[in-house]
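J.: Structure provided below as structure tokens; questions to follow.
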Amino acid sequence: MAAINKEKLECVKFYEEGLKLYREAKFKEALENFNKAFEIYPNDGPSKIFIERCKHFLKYPVSDDWDGVFEMKTK
Amino acid sequence: MDIIGKILIVDDEKMTLDFFDITLSKLGFEIIKAVSGEEALDKLKLYSPDLLLLDNILPNITGIEVTQKIRNDKKYRNFKDIPIIMFSAIGEPNEKVLSFEVGVDDYITKPFNFSEVLARIRSVFRHKKLAQQVLLREKRVAVLESLNNNLIAFTKHIKKPLTELNEVANGIDINDKYQIQKFMKKFEIDYNEMLALLNSLEDEIMQLQKNGDKCKEDDLSLYNLEDRINKYIKTENKL
């Protein structure tokens, strides 16, 4: 079995925390987490995309009718 | 031949089990056999069949009791919607009514005619598939509605940064290199951010596409079953 990469685990932790905060529309806190994940793995595509999205929503806040999350919301 | 469905057959008469094992296997069904209600309940969990052919008269627990357990007992909640066709030698109307009340989908009186059994299997599968398809499509409609809402919100939202970019661009003195550089920087940042938003929208659309393909696959497996049963019935009629 391959040894678990400690750095990778750390990166995933920050990413997941970022995602959680992002979904709660806490873009400032989410951005901090994605930045940390991105620092560990500078090639991490998903973190990069979320960093861009967080920055955007910090400049252009979401409105009442949209929380900024594209997600399938089934009833 | 591809397996078109898994059927669990429960009867304490070995002859019935063997008969169905041979005939239904030939049509492409995988057959699992059980000789008692207890064994049926164990094998239900073990094999997750698509259909249950259940004799009512069994040692210890009856077919009706097995049905009640499957439909109501939390232990079997993963299987509570499995189609059940009940067999019995007794053709008493009261027993039939009771069977339907506890939740069997169809009832066949022994001695049975194989073509009738097949026709009922087909009808039960068709019913279940249609119900599943309606559910799937309902979900799809809900997802499409959600996408629609996202799209409306997104288009409203994206106008603001775009308008702002346009305003900055219009206000630039084209002889001022510093202003142009500043605008280019802003443009690059805004472009990347908006592209990241567009990507997530694209992801959702692709996910929807995938779900749509899944619906079509389910339709196909039903056609496959119908096709095989029709072929069988046609050859039977010729004999």
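Identifiers in the structure tokens: chain A, B, ... in order shown; residue index from 1 per chain; ligand index from 1 in order shown.
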Would you kindly return, as a PyMOL selection string, each protein, DNA or RNA residue with an atom no farther than 9 Å from any atom of A:Lys8, considering only C-alpha atoms and excluding same-chain residues fewer than 5 positions away?
T.: chain A and resi 13+40-41
J.: I'd like a table as a tab-separated table: residues in chain B with an atom no more than 12 Å from chain A, each row giving the shortest atom pair and its distance in Å to one decimal, only C-alpha atoms counted, sorted by chain and rising residue number.
T.:
```
residue	atom	partner	partner_atom	distance
B:Leu136	CA	A:Thr74	CA	11.4
B:Arg137	CA	A:Thr74	CA	11.8
B:Glu138	CA	A:Thr74	CA	9.6
B:Lys139	CA	A:Thr74	CA	6.7
B:Arg140	CA	A:Thr74	CA	8.5
B:Val141	CA	A:Thr74	CA	9.0
B:Ala142	CA	A:Thr74	CA	5.5
B:Val143	CA	A:Thr74	CA	5.7
B:Leu144	CA	A:Met72	CA	8.4
B:Glu145	CA	A:Thr74	CA	8.8
B:Ser146	CA	A:Lys73	CA	5.9
B:Leu147	CA	A:Met72	CA	6.9
B:Asn148	CA	A:Met72	CA	10.3
B:Asn149	CA	A:Trp66	CA	8.5
B:Asn150	CA	A:Phe70	CA	6.5
B:Leu151	CA	A:Phe70	CA	9.1
B:Ile152	CA	A:Trp66	CA	9.2
B:Ala153	CA	A:Trp66	CA	5.8
B:Phe154	CA	A:Trp66	CA	7.8
B:Thr155	CA	A:Trp66	CA	10.8
B:Lys156	CA	A:Ser63	CA	9.5
B:His157	CA	A:Val62	CA	7.5
B:Ile158	CA	A:Tyr60	CA	9.0
B:Lys159	CA	A:Tyr60	CA	10.5
B:Lys160	CA	A:Tyr60	CA	7.8
B:Pro161	CA	A:Tyr60	CA	7.3
B:Leu162	CA	A:Tyr60	CA	11.0
B:Glu164	CA	A:Tyr60	CA	10.7
B:Lys186	CA	A:His56	CA	11.8
B:Glu188	CA	A:Glu52	CA	11.5
B:Ile189	CA	A:Glu52	CA	8.4
B:Asp190	CA	A:His56	CA	7.5
B:Tyr191	CA	A:Glu52	CA	9.7
B:Asn192	CA	A:Glu52	CA	6.7
B:Glu193	CA	A:Glu52	CA	4.7
B:Met194	CA	A:His56	CA	7.4
B:Leu195	CA	A:Glu52	CA	8.6
B:Ala196	CA	A:Ile49	CA	5.3
B:Leu197	CA	A:Arg53	CA	6.1
B:Leu198	CA	A:Phe70	CA	9.7
B:Asn199	CA	A:Ile49	CA	8.4
B:Ser200	CA	A:Phe70	CA	6.4
B:Leu201	CA	A:Phe70	CA	6.2
B:Glu202	CA	A:Phe70	CA	9.5
B:Asp203	CA	A:Phe70	CA	8.8
B:Glu204	CA	A:Glu71	CA	6.9
B:Ile205	CA	A:Met72	CA	9.8
B:Met206	CA	A:Met72	CA	11.7
B:Gln207	CA	A:Met72	CA	9.2
B:Leu208	CA	A:Met72	CA	8.9
B:Asn211	CA	A:Met72	CA	11.7
```
J.: Mind writing the picked residues with C-alpha atoms as a short mmCIF file (atom, residue, chain, number, x, y, z; two decimals), in the first residue's frame?
T.:
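Generated file (again-v3.cif):
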```cif
data_model
loop_
_atom_site.label_atom_id
_atom_site.label_comp_id
_atom_site.auth_asym_id
_atom_site.auth_seq_id
_atom_site.Cartn_x
_atom_site.Cartn_y
_atom_site.Cartn_z
CA LEU B 136 -36.43 9.97 -12.85
CA ARG B 137 -38.07 12.42 -15.20
CA GLU B 138 -39.56 14.33 -12.32
CA LYS B 139 -36.11 14.64 -10.84
CA ARG B 140 -34.79 15.78 -14.20
CA VAL B 141 -37.46 18.45 -14.45
CA ALA B 142 -36.53 19.66 -10.97
CA VAL B 143 -32.87 19.78 -11.94
CA LEU B 144 -33.70 21.68 -15.13
CA GLU B 145 -35.73 24.18 -13.13
CA SER B 146 -32.80 24.67 -10.81
CA LEU B 147 -30.49 25.20 -13.78
CA ASN B 148 -32.92 27.70 -15.21
CA ASN B 149 -32.97 29.66 -11.96
CA ASN B 150 -29.19 29.59 -11.83
CA LEU B 151 -28.99 30.86 -15.38
CA ILE B 152 -31.35 33.77 -14.71
CA ALA B 153 -29.45 34.72 -11.57
CA PHE B 154 -26.12 34.35 -13.30
CA THR B 155 -27.02 36.55 -16.26
CA LYS B 156 -28.31 39.23 -13.90
CA HIS B 157 -25.19 39.01 -11.77
CA ILE B 158 -22.65 39.04 -14.59
CA LYS B 159 -24.01 42.27 -16.10
CA LYS B 160 -22.56 44.34 -13.27
CA PRO B 161 -18.86 43.49 -13.73
CA LEU B 162 -19.27 43.66 -17.50
CA GLU B 164 -18.14 48.26 -15.03
CA LYS B 186 -8.27 44.70 -14.35
CA GLU B 188 -7.32 40.01 -17.00
CA ILE B 189 -8.42 39.55 -13.40
CA ASP B 190 -12.12 40.00 -14.18
CA TYR B 191 -11.83 37.74 -17.20
CA ASN B 192 -10.35 34.90 -15.14
CA GLU B 193 -12.91 35.28 -12.41
CA MET B 194 -15.86 35.30 -14.77
CA LEU B 195 -14.43 32.35 -16.64
CA ALA B 196 -14.25 30.43 -13.35
CA LEU B 197 -17.94 31.14 -12.82
CA LEU B 198 -18.78 30.04 -16.34
CA ASN B 199 -16.89 26.79 -15.76
CA SER B 200 -19.11 25.83 -12.86
CA LEU B 201 -22.18 26.50 -14.95
CA GLU B 202 -20.72 24.35 -17.69
CA ASP B 203 -20.08 21.56 -15.15
CA GLU B 204 -23.71 21.57 -14.17
CA ILE B 205 -24.90 21.41 -17.77
CA MET B 206 -22.58 18.47 -18.44
CA GLN B 207 -23.86 16.70 -15.34
CA LEU B 208 -27.40 17.15 -16.63
CA ASN B 211 -28.18 12.14 -16.21
#
```
J.: Please report the interatomic distance between atom CA of A:Val12 and atom CA of A:Glu29 in Å with one decimal.
T.: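 Between atom CA of A:Val12 and atom CA of A:Glu29 the gap is 16.0 Å.
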J.: Could you tell me how far atom CA of B:Lys26 sits from atom CA of B:Ser115, in Å to one decimal place?
T.: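 One can read the atom CA of B:Ser115 to atom CA of B:Lys26 distance as 13.9 Å.
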J.: Counting only C-alpha atoms, figure out which residue out of B:Lys33, B:Lys80, B:Lys45, B:Lys6 gets nearest to B:Phe125.
T.: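 Residue with the minimum atom-to-atom distance to B:Phe125: B:Lys6.
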J.: Which residues are close to stretch 39-42 of chain B, i.e. within 9 Å by only C-alpha atoms, leaving aside same-chain residues fewer than 6 positions away? Reply as number ranges by chain.
T.: B: 8-10, 33, 52, 54, 66, 69-70, 76
J.: Using only C-alpha atoms, find the one residue out of B:Ile32, B:Ile3, B:Val102, B:Val97 that sits nearest to B:Leu51.
T.: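 That would be B:Ile32, the residue with the smallest distance to B:Leu51.
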